[in-house]
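Peer 1: This is the structure I want to talk about, given as structure tokens.
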Amino acid sequence: MGASCELKTGDRVRIKDGGEAVVRKELGRGGQGIVYLVDYQGKPYALKWYFYDKLPHPADFRKNLENNIDDGAPENDHHFLWPKYITATGQYPTFGYLMDVAPSGYVDMDTIYIGFKWKKPAVKGQNAIKETYKFESLDAQVTAAINIVKAFRSLHLAGKSYQDLNGGGFFINTKTGEVLVCDCDNVAPDGENFGIGGFPGYMAPEIVRGVAKPDVLTDRYSLAVVLFRLFMRSDPLEGKNVLKSVVLTEGKELLHYGKSPIFIFDPNNDANRPVKGVHDNAIKLWNLYPSYIREAFTRSFTEGLMSPNKRIIEKRWQELLIRLRSDIIHCSCGKVTYSTLFNHEPHFVCRCRNCGSKIYTLQIKDLLAPLYPGLKLYRCYTENEDDFDTITGEVIENRNRKGMYGIKNLSKKVWKAKFPDNSIRDVAPGGGVPIWIGLQIDFGDGIGARILS
Amino acid sequence: MAESKNEMDLNFDTADFDDLDWGDDEVKEVQGQEIEEEDFLDTMEPSRKSMTIFFLIDTSGSMSGTKIGTVNGTMEELLPELIGIGGAETDISIAVMKFDSKCEWITTSPVRVEEYQQWPRLSAGGTTVMGEAFKQLSAKLSRSAFMNKPSLSYAPVIFVMTDGSPTDDWKTGLNTLKKNNWYKYGLKIAVGIGSAPNMSVLREFTGCEELAVQAHGAEELKNLITLLAVTSSQIGSKSMSLTDEGSEKTEEDVFKDKERRLVEEVKKATDIMGGADSSDVSFDEGW
């Protein structure tokens, strides 16, 4: 379906549920089809309009799309630009679906990854304009990663796989880290596939080799690539060994991304290390992240490369990333960076290299949280709940005693604290305990914590 | 805070971290080169693959008038179409050579297409030294010439446009080119213009019958150049995609995968264009 089935401004497309969508303008086009801005029932929507002959199994594809519309988005629906309405049959030789329009302030992850977007010049003959984009803070960057993981966790728990995970599939707010997953049209019940293979560079090796089709386990590989690119701004598999090929022919691609991929930081194989002058981001950033993050990526791209079941599950990523976010120390002097860039003293005390402040560490479950002003504790840590959103505690400065910091109880439960003098006190909601080394807290539910000494 | 009575019920158990140390997590900094928040966010542009699209344009005497005029007009309109076409993965550069009685590189080296938006309108005159053009192209298809980017490359797209027959020893030139690996793995496309292009030379150049096409009129020429340049840039600048097979792929399976895909796309699109339109302005009438 080429030129003959494109829509133009003013065209009216019938919707299966009734009514017509009126085409306003083209928003963009890709390999599978064109996206138009349309009005339907007095609201703006984006219409994804397929090139019919680019769909390997159009009838099955349409049926699956209808099922997805009926099912609705998984739990955290605000993370998805989910298909809402499908066009009627019979009017045009192809079809499409309506979804909400991405709000302003969001940019796709590819753009953040390369750091810019080319804008066509207003006047023909002039060079394209380079618009630059980046996260506004480390917190926004990690929050975006958490939101991406959350979205895929809920999708996978709903029994579906996304199949085509790549940097073009997310819109991100660079200020807040809010994420919208778009292109949800290939989502299918786990184990089913309607012809999509995925995006080069993000595809699991077994798909590249032709021996598997996209499913939840291959989604997990792609998710690790998305996260690696987000943090390291480089490709996890492109290093010295790949660069030696000079030209990435189809055969070389099969080799380096399918048959014998090597992680650039594989601890047991240094054949594909990043190359200075080409992969500088990877060289610079890798060592700045805490070891638990490096270990998670190492596992994903060593054992996880060839053993799909060894890939990290979303819940684990969520825990690791929440921990990473709490490792962004906001020192009272204004310095903001990861705990790795603070001086490490015994008993997990961080000392600011700028002002010399000491930051103590609270241990809860497997979390080691540096207690800087503003650190937040979440319900998943202080209670046995799968809730990574509700804040249950925060490090604040005592209103009456300047310079004294403590953990404020923002939960609905009464905590108990054991002070260094062995006295035990209740910490009611709204109350707090000072940050004293050796202090222990019982959050209830059998969850204990202490300030390491 | 009230004193709590029942200490026995309390749970202050935590794993023993006292003996653990920080491991290798601390990052030392060089004085004066401290790493700030911005260093994580404001990094360099990641390494992207490069792909060059070569245009070899016949500017011999027979091209003068409407033919070169249409080529110039089409190129002017094509350049903005190519902005951003490489996506997040690939930087697309353009290299242009004109050939008549001699060869001349219009671009002294490949230029990023986003920064090459002003088409220098070409004029025509002289003979058709296509063999020499092939030789000179081969010389530039080298790590020590045009293909000198330190990052990874995709094989180039090589586009030839001509309306006649070579007037020199094209065979020797093409044989030189055929030994070049960049040519071998590249996507080769040729458009013969008007009624008298030597299509057998062009077919030998592309090595693939479907990728040597003929444009009889101005409208068809414009459509073909745009279609072929855009499609080949899209395919050339990306990696392979999944086919519907279920068995382990070999290198032979994927060899020329891109060329096959390009042929498919071109076939589909030219079916829709439906060949020459009777209202199209023929290059061979009105003399």
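Within each chain, counting starts at residue 1; across the structure tokens, chains are named A, B, ... in the order shown, with ligands numbered 1 upward in that order.
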Considering only C-alpha atoms, tabulate each residue of range 124-228 of chain B that lies at most 9 Å from range 46-61 of chain B along with its nearest interatomic pair and the corresponding distance in Å to one decimal; arrange the rows by chain and ascending residue number and present them as a tab-separated table.
Peer 2:
```
residue	atom	partner	partner_atom	distance
B:Ala124	CA	B:Thr59	CA	4.4
B:Gly125	CA	B:Gly61	CA	3.6
B:Gly126	CA	B:Ser60	CA	4.7
B:Thr127	CA	B:Ser60	CA	5.0
B:Thr128	CA	B:Ser60	CA	5.5
B:Val129	CA	B:Asp58	CA	8.7
B:Met130	CA	B:Asp58	CA	7.9
B:Ala133	CA	B:Leu56	CA	7.7
B:Phe134	CA	B:Leu56	CA	9.0
B:Leu137	CA	B:Leu56	CA	8.7
B:Met147	CA	B:Thr52	CA	8.3
B:Lys149	CA	B:Ser50	CA	7.5
B:Ser151	CA	B:Lys49	CA	6.1
B:Leu152	CA	B:Lys49	CA	4.9
B:Ser153	CA	B:Ser50	CA	4.6
B:Tyr154	CA	B:Met51	CA	5.2
B:Ala155	CA	B:Met51	CA	6.5
B:Pro156	CA	B:Thr52	CA	5.0
B:Val157	CA	B:Ile53	CA	4.6
B:Ile158	CA	B:Phe54	CA	4.7
B:Phe159	CA	B:Phe55	CA	4.9
B:Val160	CA	B:Leu56	CA	4.7
B:Met161	CA	B:Ile57	CA	5.0
B:Thr162	CA	B:Asp58	CA	4.9
B:Asp163	CA	B:Asp58	CA	7.3
B:Gly164	CA	B:Asp58	CA	8.6
```
Peer 1: What lies within 9 Å of Asp257 in chain B using only C-alpha atoms, ignoring chain neighbours under 4 positions off, as number ranges by chain?
Peer 2: A: 250; B: 240, 253, 261-262
Peer 1: Write down as a PDB file with N, CA and C atoms, in the first residue's frame the residues belonging to range 16-236 of chain B that are assigned alpha helix (DSSP H) by DSSP computed on the backbone.
Peer 2:
```pdb
ATOM      1  N   GLU B  37      27.211  16.210  38.455  1.00  0.00           N
ATOM      2  CA  GLU B  37      25.950  15.667  37.947  1.00  0.00           C
ATOM      3  C   GLU B  37      25.872  15.797  36.420  1.00  0.00           C
ATOM      4  N   GLU B  38      26.324  16.945  35.930  1.00  0.00           N
ATOM      5  CA  GLU B  38      26.258  17.212  34.494  1.00  0.00           C
ATOM      6  C   GLU B  38      27.052  16.195  33.671  1.00  0.00           C
ATOM      7  N   ASP B  39      28.113  15.644  34.270  1.00  0.00           N
ATOM      8  CA  ASP B  39      28.936  14.699  33.519  1.00  0.00           C
ATOM      9  C   ASP B  39      28.161  13.445  33.128  1.00  0.00           C
ATOM     10  N   PHE B  40      27.142  13.108  33.915  1.00  0.00           N
ATOM     11  CA  PHE B  40      26.324  11.943  33.589  1.00  0.00           C
ATOM     12  C   PHE B  40      25.293  12.297  32.520  1.00  0.00           C
ATOM     13  N   LEU B  41      24.869  13.555  32.528  1.00  0.00           N
ATOM     14  CA  LEU B  41      23.736  13.939  31.690  1.00  0.00           C
ATOM     15  C   LEU B  41      24.166  14.576  30.381  1.00  0.00           C
ATOM     16  N   THR B  66      16.566  19.923 -20.346  1.00  0.00           N
ATOM     17  CA  THR B  66      15.580  19.476 -19.354  1.00  0.00           C
ATOM     18  C   THR B  66      16.101  18.352 -18.466  1.00  0.00           C
ATOM     19  N   LYS B  67      16.955  17.473 -19.007  1.00  0.00           N
ATOM     20  CA  LYS B  67      17.387  16.330 -18.199  1.00  0.00           C
ATOM     21  C   LYS B  67      18.155  16.790 -16.966  1.00  0.00           C
ATOM     22  N   ILE B  68      19.192  17.563 -17.197  1.00  0.00           N
ATOM     23  CA  ILE B  68      19.980  18.006 -16.040  1.00  0.00           C
ATOM     24  C   ILE B  68      19.131  18.939 -15.168  1.00  0.00           C
ATOM     25  N   GLY B  69      18.231  19.648 -15.839  1.00  0.00           N
ATOM     26  CA  GLY B  69      17.327  20.531 -15.084  1.00  0.00           C
ATOM     27  C   GLY B  69      16.466  19.742 -14.107  1.00  0.00           C
ATOM     28  N   THR B  70      15.916  18.625 -14.588  1.00  0.00           N
ATOM     29  CA  THR B  70      15.090  17.798 -13.713  1.00  0.00           C
ATOM     30  C   THR B  70      15.935  17.186 -12.600  1.00  0.00           C
ATOM     31  N   VAL B  71      17.146  16.712 -12.969  1.00  0.00           N
ATOM     32  CA  VAL B  71      18.029  16.133 -11.944  1.00  0.00           C
ATOM     33  C   VAL B  71      18.308  17.183 -10.867  1.00  0.00           C
ATOM     34  N   ASN B  72      18.665  18.386 -11.274  1.00  0.00           N
ATOM     35  CA  ASN B  72      18.956  19.451 -10.301  1.00  0.00           C
ATOM     36  C   ASN B  72      17.744  19.747  -9.415  1.00  0.00           C
ATOM     37  N   GLY B  73      16.594  19.878 -10.066  1.00  0.00           N
ATOM     38  CA  GLY B  73      15.377  20.195  -9.306  1.00  0.00           C
ATOM     39  C   GLY B  73      15.032  19.085  -8.317  1.00  0.00           C
ATOM     40  N   THR B  74      15.213  17.833  -8.769  1.00  0.00           N
ATOM     41  CA  THR B  74      14.895  16.704  -7.897  1.00  0.00           C
ATOM     42  C   THR B  74      15.849  16.652  -6.712  1.00  0.00           C
ATOM     43  N   MET B  75      17.126  16.862  -6.982  1.00  0.00           N
ATOM     44  CA  MET B  75      18.111  16.822  -5.890  1.00  0.00           C
ATOM     45  C   MET B  75      17.815  17.918  -4.859  1.00  0.00           C
ATOM     46  N   GLU B  76      17.425  19.084  -5.339  1.00  0.00           N
ATOM     47  CA  GLU B  76      17.080  20.169  -4.409  1.00  0.00           C
ATOM     48  C   GLU B  76      15.938  19.772  -3.481  1.00  0.00           C
ATOM     49  N   GLU B  77      14.983  19.054  -4.064  1.00  0.00           N
ATOM     50  CA  GLU B  77      13.839  18.645  -3.235  1.00  0.00           C
ATOM     51  C   GLU B  77      14.153  17.419  -2.389  1.00  0.00           C
ATOM     52  N   LEU B  78      15.082  16.590  -2.869  1.00  0.00           N
ATOM     53  CA  LEU B  78      15.413  15.354  -2.155  1.00  0.00           C
ATOM     54  C   LEU B  78      16.180  15.633  -0.858  1.00  0.00           C
ATOM     55  N   LEU B  79      17.112  16.574  -0.917  1.00  0.00           N
ATOM     56  CA  LEU B  79      18.004  16.786   0.236  1.00  0.00           C
ATOM     57  C   LEU B  79      17.249  16.997   1.558  1.00  0.00           C
ATOM     58  N   PRO B  80      16.235  17.882   1.599  1.00  0.00           N
ATOM     59  CA  PRO B  80      15.526  18.002   2.884  1.00  0.00           C
ATOM     60  C   PRO B  80      14.785  16.716   3.288  1.00  0.00           C
ATOM     61  N   GLU B  81      14.400  15.903   2.301  1.00  0.00           N
ATOM     62  CA  GLU B  81      13.737  14.634   2.612  1.00  0.00           C
ATOM     63  C   GLU B  81      14.660  13.684   3.376  1.00  0.00           C
ATOM     64  N   MET B 130      32.509   7.330 -18.107  1.00  0.00           N
ATOM     65  CA  MET B 130      31.968   6.562 -16.982  1.00  0.00           C
ATOM     66  C   MET B 130      33.000   5.610 -16.388  1.00  0.00           C
ATOM     67  N   GLY B 131      33.849   5.054 -17.265  1.00  0.00           N
ATOM     68  CA  GLY B 131      34.887   4.143 -16.777  1.00  0.00           C
ATOM     69  C   GLY B 131      35.810   4.856 -15.801  1.00  0.00           C
ATOM     70  N   GLU B 132      36.169   6.058 -16.146  1.00  0.00           N
ATOM     71  CA  GLU B 132      37.026   6.865 -15.280  1.00  0.00           C
ATOM     72  C   GLU B 132      36.290   7.168 -13.963  1.00  0.00           C
ATOM     73  N   ALA B 133      34.990   7.427 -14.083  1.00  0.00           N
ATOM     74  CA  ALA B 133      34.192   7.692 -12.880  1.00  0.00           C
ATOM     75  C   ALA B 133      34.228   6.483 -11.949  1.00  0.00           C
ATOM     76  N   PHE B 134      34.098   5.275 -12.502  1.00  0.00           N
ATOM     77  CA  PHE B 134      34.156   4.061 -11.681  1.00  0.00           C
ATOM     78  C   PHE B 134      35.510   3.949 -10.987  1.00  0.00           C
ATOM     79  N   LYS B 135      36.569   4.247 -11.743  1.00  0.00           N
ATOM     80  CA  LYS B 135      37.922   4.153 -11.174  1.00  0.00           C
ATOM     81  C   LYS B 135      38.096   5.138 -10.028  1.00  0.00           C
ATOM     82  N   GLN B 136      37.652   6.359 -10.274  1.00  0.00           N
ATOM     83  CA  GLN B 136      37.828   7.391  -9.240  1.00  0.00           C
ATOM     84  C   GLN B 136      36.971   7.089  -8.013  1.00  0.00           C
ATOM     85  N   LEU B 137      35.800   6.513  -8.258  1.00  0.00           N
ATOM     86  CA  LEU B 137      34.967   6.104  -7.131  1.00  0.00           C
ATOM     87  C   LEU B 137      35.697   5.042  -6.318  1.00  0.00           C
ATOM     88  N   SER B 138      36.270   4.074  -7.018  1.00  0.00           N
ATOM     89  CA  SER B 138      36.963   2.988  -6.333  1.00  0.00           C
ATOM     90  C   SER B 138      38.104   3.532  -5.466  1.00  0.00           C
ATOM     91  N   ALA B 139      38.793   4.545  -5.985  1.00  0.00           N
ATOM     92  CA  ALA B 139      39.902   5.135  -5.220  1.00  0.00           C
ATOM     93  C   ALA B 139      39.409   5.767  -3.923  1.00  0.00           C
ATOM     94  N   LYS B 140      38.200   6.324  -3.964  1.00  0.00           N
ATOM     95  CA  LYS B 140      37.670   6.977  -2.754  1.00  0.00           C
ATOM     96  C   LYS B 140      37.024   5.988  -1.794  1.00  0.00           C
ATOM     97  N   TRP B 170      34.789   1.710 -20.168  1.00  0.00           N
ATOM     98  CA  TRP B 170      34.052   1.558 -18.908  1.00  0.00           C
ATOM     99  C   TRP B 170      34.299   0.218 -18.251  1.00  0.00           C
ATOM    100  N   LYS B 171      34.614  -0.789 -19.091  1.00  0.00           N
ATOM    101  CA  LYS B 171      34.756  -2.151 -18.591  1.00  0.00           C
ATOM    102  C   LYS B 171      35.932  -2.254 -17.603  1.00  0.00           C
ATOM    103  N   THR B 172      37.074  -1.682 -17.999  1.00  0.00           N
ATOM    104  CA  THR B 172      38.244  -1.718 -17.106  1.00  0.00           C
ATOM    105  C   THR B 172      37.930  -0.988 -15.804  1.00  0.00           C
ATOM    106  N   GLY B 173      37.253   0.162 -15.965  1.00  0.00           N
ATOM    107  CA  GLY B 173      36.886   0.936 -14.778  1.00  0.00           C
ATOM    108  C   GLY B 173      35.994   0.126 -13.848  1.00  0.00           C
ATOM    109  N   LEU B 174      35.000  -0.533 -14.433  1.00  0.00           N
ATOM    110  CA  LEU B 174      34.057  -1.301 -13.609  1.00  0.00           C
ATOM    111  C   LEU B 174      34.750  -2.498 -12.965  1.00  0.00           C
ATOM    112  N   ASN B 175      35.701  -3.110 -13.715  1.00  0.00           N
ATOM    113  CA  ASN B 175      36.427  -4.247 -13.144  1.00  0.00           C
ATOM    114  C   ASN B 175      37.247  -3.833 -11.926  1.00  0.00           C
ATOM    115  N   THR B 176      37.839  -2.638 -11.993  1.00  0.00           N
ATOM    116  CA  THR B 176      38.565  -2.116 -10.827  1.00  0.00           C
ATOM    117  C   THR B 176      37.604  -1.982  -9.652  1.00  0.00           C
ATOM    118  N   LEU B 177      36.460  -1.385  -9.943  1.00  0.00           N
ATOM    119  CA  LEU B 177      35.465  -1.134  -8.895  1.00  0.00           C
ATOM    120  C   LEU B 177      34.970  -2.442  -8.281  1.00  0.00           C
ATOM    121  N   LYS B 178      34.793  -3.440  -9.122  1.00  0.00           N
ATOM    122  CA  LYS B 178      34.237  -4.706  -8.637  1.00  0.00           C
ATOM    123  C   LYS B 178      35.143  -5.409  -7.639  1.00  0.00           C
ATOM    124  N   ASN B 181      35.716  -3.953  -1.874  1.00  0.00           N
ATOM    125  CA  ASN B 181      34.740  -4.559  -0.957  1.00  0.00           C
ATOM    126  C   ASN B 181      33.589  -3.628  -0.590  1.00  0.00           C
ATOM    127  N   TRP B 182      33.864  -2.327  -0.540  1.00  0.00           N
ATOM    128  CA  TRP B 182      32.787  -1.370  -0.227  1.00  0.00           C
ATOM    129  C   TRP B 182      31.729  -1.433  -1.312  1.00  0.00           C
ATOM    130  N   TYR B 183      32.203  -1.516  -2.554  1.00  0.00           N
ATOM    131  CA  TYR B 183      31.277  -1.655  -3.688  1.00  0.00           C
ATOM    132  C   TYR B 183      30.537  -2.982  -3.582  1.00  0.00           C
ATOM    133  N   LYS B 184      31.307  -4.034  -3.298  1.00  0.00           N
ATOM    134  CA  LYS B 184      30.755  -5.384  -3.269  1.00  0.00           C
ATOM    135  C   LYS B 184      29.570  -5.483  -2.295  1.00  0.00           C
ATOM    136  N   TYR B 185      29.737  -4.907  -1.100  1.00  0.00           N
ATOM    137  CA  TYR B 185      28.676  -5.014  -0.100  1.00  0.00           C
ATOM    138  C   TYR B 185      27.661  -3.873  -0.181  1.00  0.00           C
ATOM    139  N   MET B 199      21.439   0.484 -20.949  1.00  0.00           N
ATOM    140  CA  MET B 199      20.983  -0.214 -19.745  1.00  0.00           C
ATOM    141  C   MET B 199      21.835  -1.430 -19.417  1.00  0.00           C
ATOM    142  N   SER B 200      22.467  -2.016 -20.436  1.00  0.00           N
ATOM    143  CA  SER B 200      23.259  -3.207 -20.118  1.00  0.00           C
ATOM    144  C   SER B 200      24.499  -2.824 -19.291  1.00  0.00           C
ATOM    145  N   VAL B 201      25.057  -1.637 -19.561  1.00  0.00           N
ATOM    146  CA  VAL B 201      26.173  -1.160 -18.724  1.00  0.00           C
ATOM    147  C   VAL B 201      25.665  -0.940 -17.301  1.00  0.00           C
ATOM    148  N   LEU B 202      24.497  -0.331 -17.195  1.00  0.00           N
ATOM    149  CA  LEU B 202      23.961  -0.025 -15.866  1.00  0.00           C
ATOM    150  C   LEU B 202      23.626  -1.299 -15.094  1.00  0.00           C
ATOM    151  N   ARG B 203      23.099  -2.280 -15.826  1.00  0.00           N
ATOM    152  CA  ARG B 203      22.787  -3.546 -15.151  1.00  0.00           C
ATOM    153  C   ARG B 203      24.062  -4.225 -14.670  1.00  0.00           C
ATOM    154  N   GLU B 204      25.105  -4.094 -15.479  1.00  0.00           N
ATOM    155  CA  GLU B 204      26.371  -4.692 -15.050  1.00  0.00           C
ATOM    156  C   GLU B 204      26.928  -3.957 -13.836  1.00  0.00           C
ATOM    157  N   PHE B 205      26.699  -2.666 -13.803  1.00  0.00           N
ATOM    158  CA  PHE B 205      27.158  -1.882 -12.646  1.00  0.00           C
ATOM    159  C   PHE B 205      26.407  -2.291 -11.379  1.00  0.00           C
ATOM    160  N   THR B 206      25.082  -2.419 -11.464  1.00  0.00           N
ATOM    161  CA  THR B 206      24.327  -2.748 -10.248  1.00  0.00           C
ATOM    162  C   THR B 206      24.460  -4.230  -9.900  1.00  0.00           C
ATOM    163  N   ALA B 218      10.191  13.384 -17.238  1.00  0.00           N
ATOM    164  CA  ALA B 218      10.643  14.176 -16.091  1.00  0.00           C
ATOM    165  C   ALA B 218       9.999  13.719 -14.783  1.00  0.00           C
ATOM    166  N   GLU B 219       8.677  13.498 -14.826  1.00  0.00           N
ATOM    167  CA  GLU B 219       7.947  13.107 -13.620  1.00  0.00           C
ATOM    168  C   GLU B 219       8.465  11.757 -13.101  1.00  0.00           C
ATOM    169  N   GLU B 220       8.659  10.838 -14.046  1.00  0.00           N
ATOM    170  CA  GLU B 220       9.127   9.506 -13.676  1.00  0.00           C
ATOM    171  C   GLU B 220      10.539   9.587 -13.084  1.00  0.00           C
ATOM    172  N   LEU B 221      11.371  10.426 -13.689  1.00  0.00           N
ATOM    173  CA  LEU B 221      12.744  10.566 -13.195  1.00  0.00           C
ATOM    174  C   LEU B 221      12.742  11.087 -11.764  1.00  0.00           C
ATOM    175  N   LYS B 222      11.941  12.096 -11.530  1.00  0.00           N
ATOM    176  CA  LYS B 222      11.868  12.683 -10.194  1.00  0.00           C
ATOM    177  C   LYS B 222      11.393  11.633  -9.186  1.00  0.00           C
ATOM    178  N   ASN B 223      10.336  10.902  -9.559  1.00  0.00           N
ATOM    179  CA  ASN B 223       9.794   9.891  -8.641  1.00  0.00           C
ATOM    180  C   ASN B 223      10.797   8.785  -8.361  1.00  0.00           C
ATOM    181  N   LEU B 224      11.488   8.347  -9.426  1.00  0.00           N
ATOM    182  CA  LEU B 224      12.426   7.242  -9.249  1.00  0.00           C
ATOM    183  C   LEU B 224      13.622   7.648  -8.390  1.00  0.00           C
ATOM    184  N   ILE B 225      14.180   8.827  -8.670  1.00  0.00           N
ATOM    185  CA  ILE B 225      15.339   9.270  -7.880  1.00  0.00           C
ATOM    186  C   ILE B 225      14.941   9.360  -6.412  1.00  0.00           C
ATOM    187  N   THR B 226      13.790   9.976  -6.142  1.00  0.00           N
ATOM    188  CA  THR B 226      13.362  10.164  -4.754  1.00  0.00           C
ATOM    189  C   THR B 226      13.126   8.818  -4.084  1.00  0.00           C
ATOM    190  N   LEU B 227      12.367   7.969  -4.766  1.00  0.00           N
ATOM    191  CA  LEU B 227      12.061   6.648  -4.198  1.00  0.00           C
ATOM    192  C   LEU B 227      13.338   5.872  -3.892  1.00  0.00           C
ATOM    193  N   LEU B 228      14.225   5.812  -4.893  1.00  0.00           N
ATOM    194  CA  LEU B 228      15.418   4.981  -4.736  1.00  0.00           C
ATOM    195  C   LEU B 228      16.353   5.551  -3.679  1.00  0.00           C
ATOM    196  N   ALA B 229      16.504   6.865  -3.661  1.00  0.00           N
ATOM    197  CA  ALA B 229      17.430   7.459  -2.697  1.00  0.00           C
ATOM    198  C   ALA B 229      16.898   7.308  -1.280  1.00  0.00           C
ATOM    199  N   VAL B 230      15.602   7.565  -1.105  1.00  0.00           N
ATOM    200  CA  VAL B 230      15.023   7.478   0.243  1.00  0.00           C
ATOM    201  C   VAL B 230      15.005   6.025   0.724  1.00  0.00           C
ATOM    202  N   THR B 231      14.531   5.127  -0.136  1.00  0.00           N
ATOM    203  CA  THR B 231      14.422   3.723   0.277  1.00  0.00           C
ATOM    204  C   THR B 231      15.790   3.112   0.546  1.00  0.00           C
ATOM    205  N   SER B 232      16.744   3.382  -0.346  1.00  0.00           N
ATOM    206  CA  SER B 232      18.062   2.778  -0.138  1.00  0.00           C
ATOM    207  C   SER B 232      18.727   3.367   1.101  1.00  0.00           C
ATOM    208  N   SER B 233      18.486   4.650   1.394  1.00  0.00           N
ATOM    209  CA  SER B 233      19.064   5.237   2.611  1.00  0.00           C
ATOM    210  C   SER B 233      18.452   4.583   3.837  1.00  0.00           C
ATOM    211  N   GLN B 234      17.139   4.356   3.778  1.00  0.00           N
ATOM    212  CA  GLN B 234      16.483   3.723   4.932  1.00  0.00           C
ATOM    213  C   GLN B 234      17.015   2.312   5.145  1.00  0.00           C
ATOM    214  N   ILE B 235      17.105   1.561   4.075  1.00  0.00           N
ATOM    215  CA  ILE B 235      17.533   0.170   4.220  1.00  0.00           C
ATOM    216  C   ILE B 235      19.030   0.104   4.516  1.00  0.00           C
ATOM    217  N   GLY B 236      19.787   0.929   3.802  1.00  0.00           N
ATOM    218  CA  GLY B 236      21.239   0.895   3.964  1.00  0.00           C
ATOM    219  C   GLY B 236      21.705   1.321   5.339  1.00  0.00           C
TER     220      GLY B 236
END
```
Peer 1: Name all residues at most 6 Å from Gly169 in chain A (count only C-alpha atoms; drop same-chain ones fewer than 2 positions away) and give them as a PyMOL selection string.
Peer 2: chain A and resi 166-167+181-183
Peer 1: Here is a test: counting only C-alpha atoms, which residue of B:Arg121, B:Lys188, B:Lys267, B:Lys238 is nearest to chain A?
Peer 2: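 The shortest atom-to-atom distance to chain A comes from B:Lys238.
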Peer 1: So that I can check the surroundings of range 323-328 of chain A, please list as a list in words every protein, DNA and RNA residue that reaches within 7 Å of it, counting only C-alpha atoms and ignoring chain neighbours fewer than 5 positions away.
Peer 2: Asp139, Val142, Val336, Thr337, Tyr338, Ser339, Leu367, Ala369, Pro370 and Leu375 of chain A
